[in-house]
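Listing of data-v9.cif; format and content: mmCIF, C-alpha atoms (C1' of nucleotides).
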```
data_model
#
loop_
_atom_site.label_atom_id
_atom_site.label_comp_id
_atom_site.auth_asym_id
_atom_site.auth_seq_id
_atom_site.Cartn_x
_atom_site.Cartn_y
_atom_site.Cartn_z
CA MET K 1 -66.74 -102.30 -156.58
CA ALA K 2 -69.03 -104.82 -158.19
CA PRO K 3 -67.31 -107.13 -160.64
CA PHE K 4 -68.65 -107.03 -164.14
CA ALA K 5 -69.82 -110.28 -165.62
CA PRO K 6 -68.03 -110.93 -168.89
CA THR K 7 -70.18 -110.96 -171.99
CA ALA K 8 -70.00 -113.22 -174.99
CA ASP K 9 -69.85 -110.34 -177.45
CA PRO K 10 -66.54 -109.51 -179.03
CA CYS K 11 -65.04 -106.21 -178.01
CA PRO K 12 -63.33 -104.45 -180.88
CA SER K 13 -61.44 -102.16 -178.57
CA CYS K 14 -59.66 -105.03 -176.94
CA ASP K 15 -58.02 -106.08 -180.14
CA ALA K 16 -57.15 -102.51 -180.99
CA PRO K 17 -56.49 -100.47 -177.90
CA ASP K 18 -55.40 -97.58 -180.06
CA LEU K 19 -58.80 -97.42 -181.69
CA ALA K 20 -59.46 -93.99 -180.28
CA PHE K 21 -56.44 -92.60 -182.08
CA ALA K 22 -57.06 -94.31 -185.41
CA GLN K 23 -59.55 -94.23 -188.24
CA HIS K 24 -62.22 -96.80 -187.64
CA ASP K 25 -65.84 -97.66 -188.18
CA HIS K 26 -67.11 -95.45 -185.45
CA GLY K 27 -70.73 -96.20 -186.13
CA ARG K 28 -70.14 -99.79 -185.26
CA CYS K 29 -67.97 -98.80 -182.32
CA GLN K 30 -70.79 -96.68 -181.02
CA SER K 31 -73.66 -99.10 -181.51
CA ASP K 32 -71.61 -101.94 -180.11
CA ALA K 33 -70.97 -100.10 -176.90
CA LEU K 34 -74.56 -99.00 -176.64
CA SER K 35 -76.02 -102.45 -177.08
CA ARG K 36 -73.52 -103.92 -174.67
CA ALA K 37 -74.50 -101.26 -172.20
CA GLU K 38 -78.18 -102.01 -172.50
CA GLY K 39 -77.57 -105.68 -171.96
CA LEU K 40 -75.47 -105.08 -168.89
CA VAL K 41 -77.83 -102.67 -167.27
CA THR K 42 -80.93 -104.75 -167.70
CA ALA K 43 -79.04 -107.87 -166.65
CA ARG K 44 -78.40 -106.06 -163.39
CA GLY K 45 -82.03 -105.18 -162.94
CA LEU K 46 -81.40 -101.51 -163.54
CA ARG K 47 -82.79 -99.15 -166.12
CA LEU K 48 -81.09 -97.32 -168.94
CA THR K 49 -83.57 -94.47 -168.83
CA PRO K 50 -83.84 -91.87 -171.60
CA VAL K 51 -81.50 -89.38 -169.93
CA ARG K 52 -78.94 -92.02 -169.11
CA ARG K 53 -79.10 -93.53 -172.54
CA ARG K 54 -78.83 -90.16 -174.20
CA VAL K 55 -75.84 -89.17 -172.10
CA LEU K 56 -74.11 -92.38 -173.04
CA GLU K 57 -74.86 -91.75 -176.70
CA ILE K 58 -73.45 -88.26 -176.41
CA LEU K 59 -70.26 -89.54 -174.83
CA LEU K 60 -70.04 -92.21 -177.50
CA GLU K 61 -70.10 -89.68 -180.30
CA SER K 62 -66.38 -89.25 -180.01
CA HIS K 63 -63.39 -90.72 -178.28
CA ARG K 64 -62.96 -87.60 -176.26
CA ALA K 65 -63.78 -86.56 -172.77
CA MET K 66 -66.65 -84.18 -172.18
CA GLY K 67 -67.27 -81.93 -169.24
CA ALA K 68 -70.48 -82.39 -167.31
CA TYR K 69 -71.65 -78.99 -168.45
CA ASP K 70 -71.01 -79.79 -172.09
CA VAL K 71 -73.20 -82.82 -171.69
CA LEU K 72 -75.76 -80.75 -169.85
CA ASN K 73 -75.94 -78.23 -172.68
CA ARG K 74 -76.71 -81.01 -175.09
CA LEU K 75 -79.41 -82.33 -172.81
CA VAL K 76 -81.00 -78.93 -172.44
CA ALA K 77 -81.13 -78.53 -176.21
CA GLU K 78 -83.02 -81.78 -176.36
CA GLY K 79 -85.60 -80.90 -173.78
CA PHE K 80 -84.23 -82.58 -170.69
CA GLY K 81 -83.80 -80.80 -167.40
CA ASN K 82 -81.37 -77.93 -167.47
CA GLN K 83 -79.74 -78.14 -164.07
CA PRO K 84 -76.35 -79.67 -163.28
CA PRO K 85 -77.69 -82.60 -161.26
CA VAL K 86 -79.41 -83.93 -164.35
CA ALA K 87 -76.09 -84.40 -166.07
CA TYR K 88 -74.15 -85.43 -163.00
CA ARG K 89 -76.64 -88.07 -161.99
CA ALA K 90 -76.60 -89.70 -165.36
CA LEU K 91 -72.82 -89.52 -165.52
CA ASP K 92 -72.47 -90.95 -162.03
CA PHE K 93 -74.79 -93.78 -162.92
CA LEU K 94 -72.82 -94.59 -166.04
CA GLU K 95 -69.60 -94.50 -164.12
CA GLU K 96 -70.91 -96.77 -161.38
CA GLN K 97 -72.06 -99.23 -164.00
CA GLY K 98 -68.71 -99.16 -165.74
CA LEU K 99 -70.16 -97.57 -168.85
CA ALA K 100 -68.21 -94.36 -168.57
CA HIS K 101 -65.03 -93.21 -166.92
CA ARG K 102 -64.14 -90.02 -165.18
CA ILE K 103 -60.93 -88.44 -166.37
CA ARG K 104 -59.79 -86.54 -163.34
CA ARG K 105 -57.09 -84.69 -165.10
CA LEU K 106 -59.67 -83.10 -167.36
CA ASN K 107 -62.60 -82.91 -164.98
CA ALA K 108 -64.45 -84.71 -167.69
CA PHE K 109 -66.04 -87.99 -168.67
CA THR K 110 -65.58 -90.44 -171.48
CA ALA K 111 -67.55 -93.46 -172.63
CA CYS K 112 -66.13 -96.80 -171.71
CA MET K 113 -64.89 -98.61 -174.76
CA HIS K 114 -65.31 -102.13 -173.47
CA PRO K 115 -68.02 -102.21 -170.86
CA GLY K 116 -68.74 -105.45 -169.15
CA GLU K 117 -65.16 -106.44 -168.71
CA ALA K 118 -63.67 -106.04 -165.31
CA HIS K 119 -61.16 -103.32 -165.84
CA ALA K 120 -59.68 -100.19 -164.40
CA PRO K 121 -57.75 -98.92 -167.35
CA ALA K 122 -55.00 -96.43 -167.84
CA PHE K 123 -56.02 -93.48 -169.94
CA LEU K 124 -53.92 -91.98 -172.67
CA ILE K 125 -54.90 -88.40 -173.37
CA CYS K 126 -53.61 -86.76 -176.53
CA HIS K 127 -53.29 -83.06 -175.95
CA ARG K 128 -53.34 -82.31 -179.65
CA CYS K 129 -56.43 -84.11 -180.86
CA ASN K 130 -57.95 -84.50 -177.40
CA ALA K 131 -58.69 -88.15 -177.98
CA VAL K 132 -58.72 -90.40 -174.95
CA ALA K 133 -57.83 -94.06 -175.24
CA GLU K 134 -58.04 -96.80 -172.67
CA ALA K 135 -54.77 -98.67 -172.51
CA PRO K 136 -54.69 -102.22 -171.23
CA ALA K 137 -53.48 -101.84 -167.70
CA SER K 138 -53.21 -105.23 -166.13
CA ALA K 139 -49.43 -104.97 -165.85
CA LEU K 140 -49.85 -101.50 -164.42
CA ARG K 141 -52.31 -102.72 -161.83
CA LEU K 142 -49.92 -105.42 -160.79
CA ALA K 143 -47.11 -102.92 -160.41
CA LEU K 144 -49.34 -100.58 -158.45
CA ASN K 145 -50.56 -103.28 -156.14
CA ALA K 146 -47.02 -104.48 -155.63
CA ALA K 147 -45.85 -100.99 -154.72
CA ALA K 148 -48.76 -100.60 -152.34
CA ASP K 149 -48.24 -104.01 -150.79
CA GLN K 150 -44.69 -103.12 -149.93
CA VAL K 151 -45.93 -100.51 -147.50
CA GLY K 152 -48.97 -102.45 -146.38
CA PHE K 153 -51.40 -100.29 -148.28
CA THR K 154 -54.60 -101.80 -149.64
CA VAL K 155 -55.71 -100.32 -152.93
CA GLU K 156 -59.45 -99.92 -153.28
CA GLY K 157 -59.59 -97.70 -156.31
CA SER K 158 -57.18 -95.90 -158.55
CA ASN K 159 -56.79 -93.65 -161.48
CA ILE K 160 -53.96 -93.77 -163.94
CA GLU K 161 -53.86 -91.07 -166.56
CA ALA K 162 -51.19 -89.98 -168.98
CA VAL K 163 -51.10 -86.96 -171.23
CA GLY K 164 -48.98 -86.83 -174.33
CA GLN K 165 -49.27 -87.24 -178.04
CA CYS K 166 -50.80 -90.02 -180.06
CA ALA K 167 -48.99 -91.49 -183.04
CA ALA K 168 -51.09 -89.64 -185.60
CA CYS K 169 -50.55 -86.23 -184.03
CA ARG K 170 -46.86 -86.82 -183.58
CA GLY K 171 -46.68 -87.68 -187.26
CA GLN K 172 -48.37 -84.42 -188.19
CA ALA K 173 -46.16 -82.37 -185.92
CA ALA K 174 -43.04 -83.68 -187.63
CA MET E 1 -40.43 -80.87 -167.74
CA ALA E 2 -37.05 -79.84 -166.41
CA PRO E 3 -34.99 -82.65 -164.96
CA PHE E 4 -34.06 -82.30 -161.33
CA ALA E 5 -30.43 -82.40 -160.45
CA PRO E 6 -29.80 -85.00 -157.78
CA THR E 7 -28.55 -83.72 -154.47
CA ALA E 8 -26.00 -85.19 -152.14
CA ASP E 9 -28.30 -85.09 -149.14
CA PRO E 10 -29.86 -88.29 -147.96
CA CYS E 11 -33.59 -88.55 -148.43
CA PRO E 12 -35.31 -90.27 -145.54
CA SER E 13 -38.45 -90.91 -147.52
CA CYS E 14 -36.61 -93.00 -150.03
CA ASP E 15 -35.61 -95.52 -147.44
CA ALA E 16 -39.07 -95.53 -145.94
CA PRO E 17 -41.71 -94.92 -148.54
CA ASP E 18 -44.38 -95.58 -145.99
CA LEU E 19 -43.18 -92.73 -143.84
CA ALA E 20 -46.39 -90.83 -144.31
CA PHE E 21 -48.35 -93.66 -142.73
CA ALA E 22 -46.01 -94.28 -139.82
CA GLN E 23 -44.79 -92.56 -136.70
CA HIS E 24 -41.64 -90.67 -137.46
CA ASP E 25 -39.57 -87.64 -136.58
CA HIS E 26 -41.70 -85.22 -138.48
CA GLY E 27 -39.73 -82.19 -137.46
CA ARG E 28 -36.72 -83.55 -139.22
CA CYS E 29 -38.84 -84.68 -142.14
CA GLN E 30 -40.13 -81.15 -142.46
CA SER E 31 -36.89 -79.24 -142.09
CA ASP E 32 -35.14 -81.65 -144.41
CA ALA E 33 -37.59 -81.03 -147.18
CA LEU E 34 -37.51 -77.31 -146.60
CA SER E 35 -33.77 -77.00 -146.75
CA ARG E 36 -33.61 -79.22 -149.79
CA ALA E 37 -36.20 -77.01 -151.40
CA GLU E 38 -34.27 -73.85 -150.71
CA GLY E 39 -31.15 -75.31 -152.18
CA LEU E 40 -32.90 -76.43 -155.31
CA VAL E 41 -34.69 -73.21 -155.95
CA THR E 42 -31.68 -70.96 -155.51
CA ALA E 43 -29.57 -73.35 -157.55
CA ARG E 44 -32.01 -72.75 -160.37
CA GLY E 45 -31.74 -69.00 -160.01
CA LEU E 46 -35.28 -68.71 -158.70
CA ARG E 47 -36.59 -67.33 -155.47
CA LEU E 48 -38.34 -69.03 -152.59
CA THR E 49 -40.23 -65.90 -151.64
CA PRO E 50 -42.08 -65.54 -148.33
CA VAL E 51 -45.42 -66.67 -149.74
CA ARG E 52 -43.93 -69.63 -151.54
CA ARG E 53 -41.89 -70.64 -148.58
CA ARG E 54 -44.81 -70.32 -146.24
CA VAL E 55 -47.05 -72.37 -148.49
CA LEU E 56 -44.46 -75.09 -148.61
CA GLU E 57 -44.16 -75.00 -144.84
CA ILE E 58 -47.91 -75.30 -144.52
CA LEU E 59 -48.00 -78.28 -146.83
CA LEU E 60 -45.14 -79.82 -144.92
CA GLU E 61 -46.99 -79.68 -141.63
CA SER E 62 -48.64 -82.97 -142.40
CA HIS E 63 -48.53 -85.80 -144.85
CA ARG E 64 -51.93 -84.88 -146.14
CA ALA E 65 -53.22 -83.05 -149.14
CA MET E 66 -54.62 -79.56 -148.70
CA GLY E 67 -57.03 -77.72 -150.93
CA ALA E 68 -55.90 -74.41 -152.35
CA TYR E 69 -58.49 -72.62 -150.28
CA ASP E 70 -57.33 -74.25 -147.07
CA VAL E 71 -53.88 -72.97 -147.83
CA LEU E 72 -55.31 -69.59 -148.70
CA ASN E 73 -57.12 -69.34 -145.37
CA ARG E 74 -53.86 -69.94 -143.59
CA LEU E 75 -52.16 -67.27 -145.65
CA VAL E 76 -54.89 -64.76 -144.96
CA ALA E 77 -54.56 -65.37 -141.25
CA GLU E 78 -50.90 -64.53 -141.54
CA GLY E 79 -51.34 -61.31 -143.42
CA PHE E 80 -50.77 -62.38 -146.99
CA GLY E 81 -53.14 -61.55 -149.81
CA ASN E 82 -56.58 -63.02 -149.49
CA GLN E 83 -57.48 -63.82 -153.06
CA PRO E 84 -57.24 -67.27 -154.67
CA PRO E 85 -54.44 -66.38 -157.07
CA VAL E 86 -52.13 -65.85 -154.13
CA ALA E 87 -52.44 -69.46 -153.14
CA TYR E 88 -52.64 -70.87 -156.64
CA ARG E 89 -49.57 -69.05 -157.83
CA ALA E 90 -47.48 -70.31 -154.97
CA LEU E 91 -48.82 -73.83 -155.38
CA ASP E 92 -48.20 -73.78 -159.11
CA PHE E 93 -44.68 -72.59 -158.55
CA LEU E 94 -44.02 -75.34 -156.04
CA GLU E 95 -45.46 -77.91 -158.36
CA GLU E 96 -43.40 -76.71 -161.31
CA GLN E 97 -40.29 -76.91 -159.20
CA GLY E 98 -41.12 -80.39 -158.03
CA LEU E 99 -41.59 -79.29 -154.44
CA ALA E 100 -45.26 -80.16 -154.28
CA HIS E 101 -47.63 -82.45 -156.09
CA ARG E 102 -51.18 -82.00 -157.17
CA ILE E 103 -53.47 -84.82 -156.16
CA ARG E 104 -56.13 -84.68 -158.83
CA ARG E 105 -58.43 -87.07 -157.13
CA LEU E 106 -58.69 -84.71 -154.18
CA ASN E 107 -58.33 -81.39 -155.96
CA ALA E 108 -55.58 -80.77 -153.50
CA PHE E 109 -51.87 -80.41 -153.06
CA THR E 110 -49.25 -82.16 -150.99
CA ALA E 111 -45.62 -81.42 -150.28
CA CYS E 112 -43.11 -83.48 -152.16
CA MET E 113 -41.29 -85.81 -149.83
CA HIS E 114 -38.11 -86.12 -151.80
CA PRO E 115 -37.60 -83.04 -153.90
CA GLY E 116 -34.63 -82.90 -156.17
CA GLU E 117 -34.94 -86.42 -157.40
CA ALA E 118 -36.39 -86.90 -160.81
CA HIS E 119 -39.62 -88.60 -160.07
CA ALA E 120 -43.27 -88.79 -160.93
CA PRO E 121 -44.56 -90.90 -158.13
CA ALA E 122 -47.66 -92.90 -157.54
CA PHE E 123 -49.74 -91.62 -154.66
CA LEU E 124 -51.33 -93.76 -152.02
CA ILE E 125 -54.23 -91.99 -150.37
CA CYS E 126 -55.64 -93.42 -147.17
CA HIS E 127 -59.31 -92.55 -146.92
CA ARG E 128 -59.35 -93.09 -143.18
CA CYS E 129 -56.47 -91.00 -141.95
CA ASN E 130 -56.20 -88.93 -145.13
CA ALA E 131 -52.46 -89.40 -145.30
CA VAL E 132 -50.90 -89.33 -148.72
CA ALA E 133 -47.72 -91.24 -149.44
CA GLU E 134 -45.54 -91.25 -152.49
CA ALA E 135 -44.88 -94.78 -153.59
CA PRO E 136 -41.80 -95.58 -155.62
CA ALA E 137 -43.11 -95.79 -159.11
CA SER E 138 -40.28 -96.67 -161.40
CA ALA E 139 -41.81 -100.04 -162.22
CA LEU E 140 -45.11 -98.36 -162.74
CA ARG E 141 -43.59 -95.85 -165.12
CA LEU E 142 -42.06 -98.63 -167.10
CA ALA E 143 -45.37 -100.42 -167.36
CA LEU E 144 -47.14 -97.23 -168.34
CA ASN E 145 -44.61 -96.35 -170.98
CA ALA E 146 -44.73 -99.86 -172.32
CA ALA E 147 -48.50 -99.76 -172.59
CA ALA E 148 -48.30 -96.39 -174.31
CA ASP E 149 -45.54 -97.49 -176.65
CA GLN E 150 -47.67 -100.33 -177.87
CA VAL E 151 -50.08 -97.88 -179.42
CA GLY E 152 -47.45 -95.34 -180.43
CA PHE E 153 -48.38 -92.91 -177.70
CA THR E 154 -45.73 -90.66 -176.20
CA VAL E 155 -46.23 -89.97 -172.51
CA GLU E 156 -45.35 -86.45 -171.46
CA GLY E 157 -46.90 -86.39 -168.05
CA SER E 158 -49.01 -88.63 -165.90
CA ASN E 159 -50.78 -89.03 -162.65
CA ILE E 160 -51.15 -92.29 -160.81
CA GLU E 161 -53.26 -92.21 -157.70
CA ALA E 162 -54.70 -94.95 -155.55
CA VAL E 163 -57.18 -94.67 -152.69
CA GLY E 164 -57.45 -97.28 -150.02
CA GLN E 165 -56.34 -97.95 -146.49
CA CYS E 166 -52.93 -97.75 -144.97
CA ALA E 167 -51.62 -100.50 -142.73
CA ALA E 168 -52.24 -98.60 -139.50
CA CYS E 169 -55.85 -97.80 -140.32
CA ARG E 170 -56.56 -101.31 -141.47
CA GLY E 171 -55.19 -102.54 -138.16
CA GLN E 172 -57.52 -100.25 -136.25
CA ALA E 173 -60.52 -101.25 -138.29
CA ALA E 174 -59.99 -104.91 -137.43
"C1'" DA B 1 -31.85 -42.60 -159.37
"C1'" DG B 2 -33.92 -45.02 -163.27
"C1'" DG B 3 -35.45 -48.96 -165.69
"C1'" DC B 4 -36.92 -53.63 -166.08
"C1'" DG B 5 -38.86 -58.06 -165.19
"C1'" DA B 6 -40.64 -60.93 -161.67
"C1'" DA B 7 -43.84 -61.43 -158.00
"C1'" DT B 8 -47.85 -60.00 -155.41
"C1'" DG B 9 -52.40 -57.80 -154.36
"C1'" DT B 10 -57.04 -57.37 -155.71
"C1'" DG B 11 -61.58 -57.55 -157.91
"C1'" DA B 12 -64.20 -60.01 -160.87
"C1'" DT B 13 -65.65 -64.04 -162.99
"C1'" DA B 14 -65.65 -68.79 -164.97
"C1'" DC B 15 -65.96 -73.48 -164.18
"C1'" DT B 16 -67.05 -77.81 -161.51
"C1'" DA B 17 -69.92 -80.17 -158.20
"C1'" DT B 18 -73.35 -81.19 -154.56
"C1'" DA B 19 -77.27 -80.54 -151.08
"C1'" DA B 20 -82.00 -80.53 -150.39
"C1'" DC B 21 -86.58 -80.98 -151.53
"C1'" DA B 22 -90.59 -81.42 -154.64
"C1'" DA B 23 -92.81 -83.86 -158.24
"C1'" DA B 24 -93.40 -87.48 -161.52
"C1'" DG B 25 -92.97 -92.32 -163.08
"C1'" DG B 26 -93.01 -97.54 -162.48
"C1'" DA B 27 -93.40 -101.84 -160.11
"C1'" DC B 28 -95.93 -104.47 -157.01
"C1'" DC B 29 -99.64 -106.05 -154.19
"C1'" DG B 30 -104.11 -106.03 -152.37
"C1'" DC F 1 -108.34 -100.52 -160.13
"C1'" DG F 2 -106.23 -97.90 -156.21
"C1'" DG F 3 -102.70 -97.51 -152.99
"C1'" DT F 4 -98.00 -97.87 -151.46
"C1'" DC F 5 -93.20 -97.72 -152.04
"C1'" DC F 6 -89.06 -96.88 -154.32
"C1'" DT F 7 -86.55 -94.94 -158.13
"C1'" DT F 8 -85.84 -91.33 -161.12
"C1'" DT F 9 -86.18 -86.65 -162.62
"C1'" DG F 10 -86.84 -81.57 -162.12
"C1'" DT F 11 -85.54 -77.43 -159.81
"C1'" DT F 12 -83.63 -73.98 -156.55
"C1'" DA F 13 -79.86 -72.82 -154.25
"C1'" DT F 14 -75.26 -72.99 -152.89
"C1'" DA F 15 -70.56 -74.85 -152.19
"C1'" DG F 16 -66.06 -75.58 -153.95
"C1'" DT F 17 -62.26 -75.08 -157.42
"C1'" DA F 18 -59.68 -72.26 -160.65
"C1'" DT F 19 -58.38 -68.45 -163.79
"C1'" DC F 20 -58.31 -63.68 -166.01
"C1'" DA F 21 -56.97 -59.05 -166.04
"C1'" DC F 22 -54.95 -55.20 -164.26
"C1'" DA F 23 -52.65 -52.37 -160.79
"C1'" DT F 24 -48.90 -52.20 -157.63
"C1'" DT F 25 -44.79 -53.41 -155.44
"C1'" DC F 26 -40.32 -55.61 -155.00
"C1'" DG F 27 -35.62 -57.02 -156.23
"C1'" DC F 28 -32.06 -56.48 -159.17
"C1'" DC F 29 -29.05 -54.35 -162.46
"C1'" DT F 30 -26.95 -50.43 -164.52
#
```
I'd like the structure from this file rewritten - as structure tokens, please.
Amino acid sequence: MAPFAPTADPCPSCDAPDLAFAQHDHGRCQSDALSRAEGLVTARGLRLTPVRRRVLEILLESHRAMGAYDVLNRLVAEGFGNQPPVAYRALDFLEEQGLAHRIRRLNAFTACMHPGEAHAPAFLICHRCNAVAEAPASALRLALNAAADQVGFTVEGSNIEAVGQCAACRGQAA
Amino acid sequence: MAPFAPTADPCPSCDAPDLAFAQHDHGRCQSDALSRAEGLVTARGLRLTPVRRRVLEILLESHRAMGAYDVLNRLVAEGFGNQPPVAYRALDFLEEQGLAHRIRRLNAFTACMHPGEAHAPAFLICHRCNAVAEAPASALRLALNAAADQVGFTVEGSNIEAVGQCAACRGQAA
DNA sequence: AGGCGAATGTGATACTATAACAAAGGACCG
DNA sequence: CGGTCCTTTGTTATAGTATCACATTCGCCT
């Protein structure tokens, strides 16, 4: 996995990891992520082509995870190719570049909320509002690596996902 | 999620969490898990029917994860029903009863190596030998719950999976 | 024996993902 | 400018994973 060079831009999600679950200026959230993404991609000598950019925009519309076929339907409606590989390729690219994450529990994808920072977050998935937040996971990674070390296992990649209820939804339920 | 009543039997995997990656008396490993499973299921007033039992046995043959259709093929060969629901129902039952785990990263299932103990382990998946081990994850759970608590999120279920190389395979590679 | 709920068998279908190849677009170099 | 090469996209086809719905059977209880 290629390390991501840190950027100078502030990352709103870092100060508020619960952003996904709370009211916030989503327009800014969205455009921030998009401009950060463009910077990163070009800095790496790659291209944020129309399909790729559009897919990222679609994912950025909400803090939820979308299935590849949901994304594909959107693309079709906008005149892009209408076969699965079109969506999967863009999604795979975004994931490789750390601009999107795959949520295995949902067979779905979500935009990365702080691209450019080396991270492999834990995901918190609210099963009521379907929002997905990235929780800071450095302590988790340490614990995981420690557990793996104990048995001589070398971790190369991992996914940590939790389902439950966010604060807002729990409030409503009560 | 129903809590699992602890049993009096010793659990070899607890003393050796790296069992899956090491040489061991697999016959004992297997029969242990099976008898523990039977005890648990009947204690709960449920039935370990032929299909369910056979599926568990199949999963127990190795410390690897099997796809539902791999399991199904085995069942077909032994005269059970040959449609997906046959396998999925048994697998779902085993998972609900804590006798098997779903490895989301692999879209596959693996037998639980210490059924009866309340646990939601972290999985270590070796991409060379395909073995899957359950790592003790209490520290991990704590870290995950702490991270979730910080944003007011209540964790109801989670999956923690790591891919990498086990000690034996890393030795061979060198 | 009859009734009842759980479990299984079966056909059909939905959903997720990838392989393979053709065609188009861009960058580079002469 | 034209040619070459590599990347990206379009498209057909197919593989792999999972669930629905309904009929039937099984185990248990009375």
Next on the checklist: Could you work out which residues of chain E fall inside 9 Å of chain K? Count all atoms listed in the file, and format the result as a ChimeraX atom specification.
Outcome noted: /E:16-18,21,104-105,122,124-126,135-137,139-144,147-148,150-168,170
Next on the checklist: Using Å and a single decimal, report how far atom C1' of DT18 of chain B sits from atom C1' of DG10 of chain F.
Outcome noted: 15.5 Å
If the PyMOL selection byres ((chain E and resi 70) around 12) were run on this exact file, what residues would it hold? Put them as a short mmCIF file (atom, residue, chain, number, x, y, z; two decimals) with C-alpha atoms (C1' of nucleotides), in the coordinates of the input.
```cif
data_model
loop_
_atom_site.label_atom_id
_atom_site.label_comp_id
_atom_site.auth_asym_id
_atom_site.auth_seq_id
_atom_site.Cartn_x
_atom_site.Cartn_y
_atom_site.Cartn_z
CA VAL E 55 -47.05 -72.37 -148.49
CA ILE E 58 -47.91 -75.30 -144.52
CA LEU E 59 -48.00 -78.28 -146.83
CA ARG E 64 -51.93 -84.88 -146.14
CA ALA E 65 -53.22 -83.05 -149.14
CA MET E 66 -54.62 -79.56 -148.70
CA GLY E 67 -57.03 -77.72 -150.93
CA ALA E 68 -55.90 -74.41 -152.35
CA TYR E 69 -58.49 -72.62 -150.28
CA VAL E 71 -53.88 -72.97 -147.83
CA LEU E 72 -55.31 -69.59 -148.70
CA ASN E 73 -57.12 -69.34 -145.37
CA ARG E 74 -53.86 -69.94 -143.59
CA LEU E 75 -52.16 -67.27 -145.65
CA VAL E 76 -54.89 -64.76 -144.96
CA ALA E 77 -54.56 -65.37 -141.25
CA ASN E 82 -56.58 -63.02 -149.49
CA PRO E 84 -57.24 -67.27 -154.67
CA ALA E 87 -52.44 -69.46 -153.14
CA TYR E 88 -52.64 -70.87 -156.64
CA LEU E 91 -48.82 -73.83 -155.38
CA ASN E 107 -58.33 -81.39 -155.96
CA ALA E 108 -55.58 -80.77 -153.50
CA PHE E 109 -51.87 -80.41 -153.06
CA THR E 110 -49.25 -82.16 -150.99
"C1'" DG F 16 -66.06 -75.58 -153.95
"C1'" DT F 17 -62.26 -75.08 -157.42
#
```
Item to check | For atom C1' of DA12 of chain B and atom CA of Gly81 of chain K, the interatomic separation in Å (one decimal) | outcome: 29.3 Å
Grab all the atoms of segment 143-146 of chain E that the file lists, wrap them in a box along x, y and z, add 5 Å per side, and give me centre plus edge lengths in Å (one decimal) as lines of an AutoDock Vina configuration file.
```
center_x = -45.9
center_y = -98.4
center_z = -169.8
size_x = 12.5
size_y = 14.1
size_z = 15.0
```
Pull out every residue of chain E that has at least one atom within 10 Å of chain B, counting only C-alpha atoms (C1' of nucleotides), and report them as an mmCIF file with C-alpha atoms, in the frame of the given file.
```cif
data_model
loop_
_atom_site.group_PDB
_atom_site.id
_atom_site.type_symbol
_atom_site.label_atom_id
_atom_site.label_comp_id
_atom_site.auth_asym_id
_atom_site.auth_seq_id
_atom_site.Cartn_x
_atom_site.Cartn_y
_atom_site.Cartn_z
ATOM 1 C CA LEU E 46 -35.280 -68.710 -158.700
ATOM 2 C CA ARG E 47 -36.590 -67.330 -155.470
ATOM 3 C CA THR E 49 -40.230 -65.900 -151.640
ATOM 4 C CA VAL E 51 -45.420 -66.670 -149.740
ATOM 5 C CA PHE E 80 -50.770 -62.380 -146.990
ATOM 6 C CA GLY E 81 -53.140 -61.550 -149.810
ATOM 7 C CA ASN E 82 -56.580 -63.020 -149.490
ATOM 8 C CA GLN E 83 -57.480 -63.820 -153.060
ATOM 9 C CA PRO E 84 -57.240 -67.270 -154.670
ATOM 10 C CA PRO E 85 -54.440 -66.380 -157.070
ATOM 11 C CA VAL E 86 -52.130 -65.850 -154.130
ATOM 12 C CA ARG E 89 -49.570 -69.050 -157.830
#
```
Next on the checklist: Measuring between all atoms listed in the file, which one of E:Pro115, E:Asp92, E:Glu78, E:Gln23 shows the shortest distance to chain F?
Outcome noted: E:Asp92
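You will find atom CA of Leu99 of chain E at 6.2 Å from atom CA of Ala111 of chain E.
Counting only C-alpha atoms, the residue from K:Ala173, K:Ala37, K:Ala43, K:Ala131 that sits nearest to Ser62 of chain K is K:Ala131.
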Item to check | Residues matched by the PyMOL selection byres ((chain F) within 9 of (chain K)), written as an MDAnalysis selection string | outcome: chainID F and resid 8:11
Item to check | Residues within 10 Å of (-40.6, -73.9, -163.1), file coords, only C-alpha atoms (C1' of nucleotides), listed as a VMD selection string | outcome: chain E and resid 1 to 2 41 44 46 92 to 98
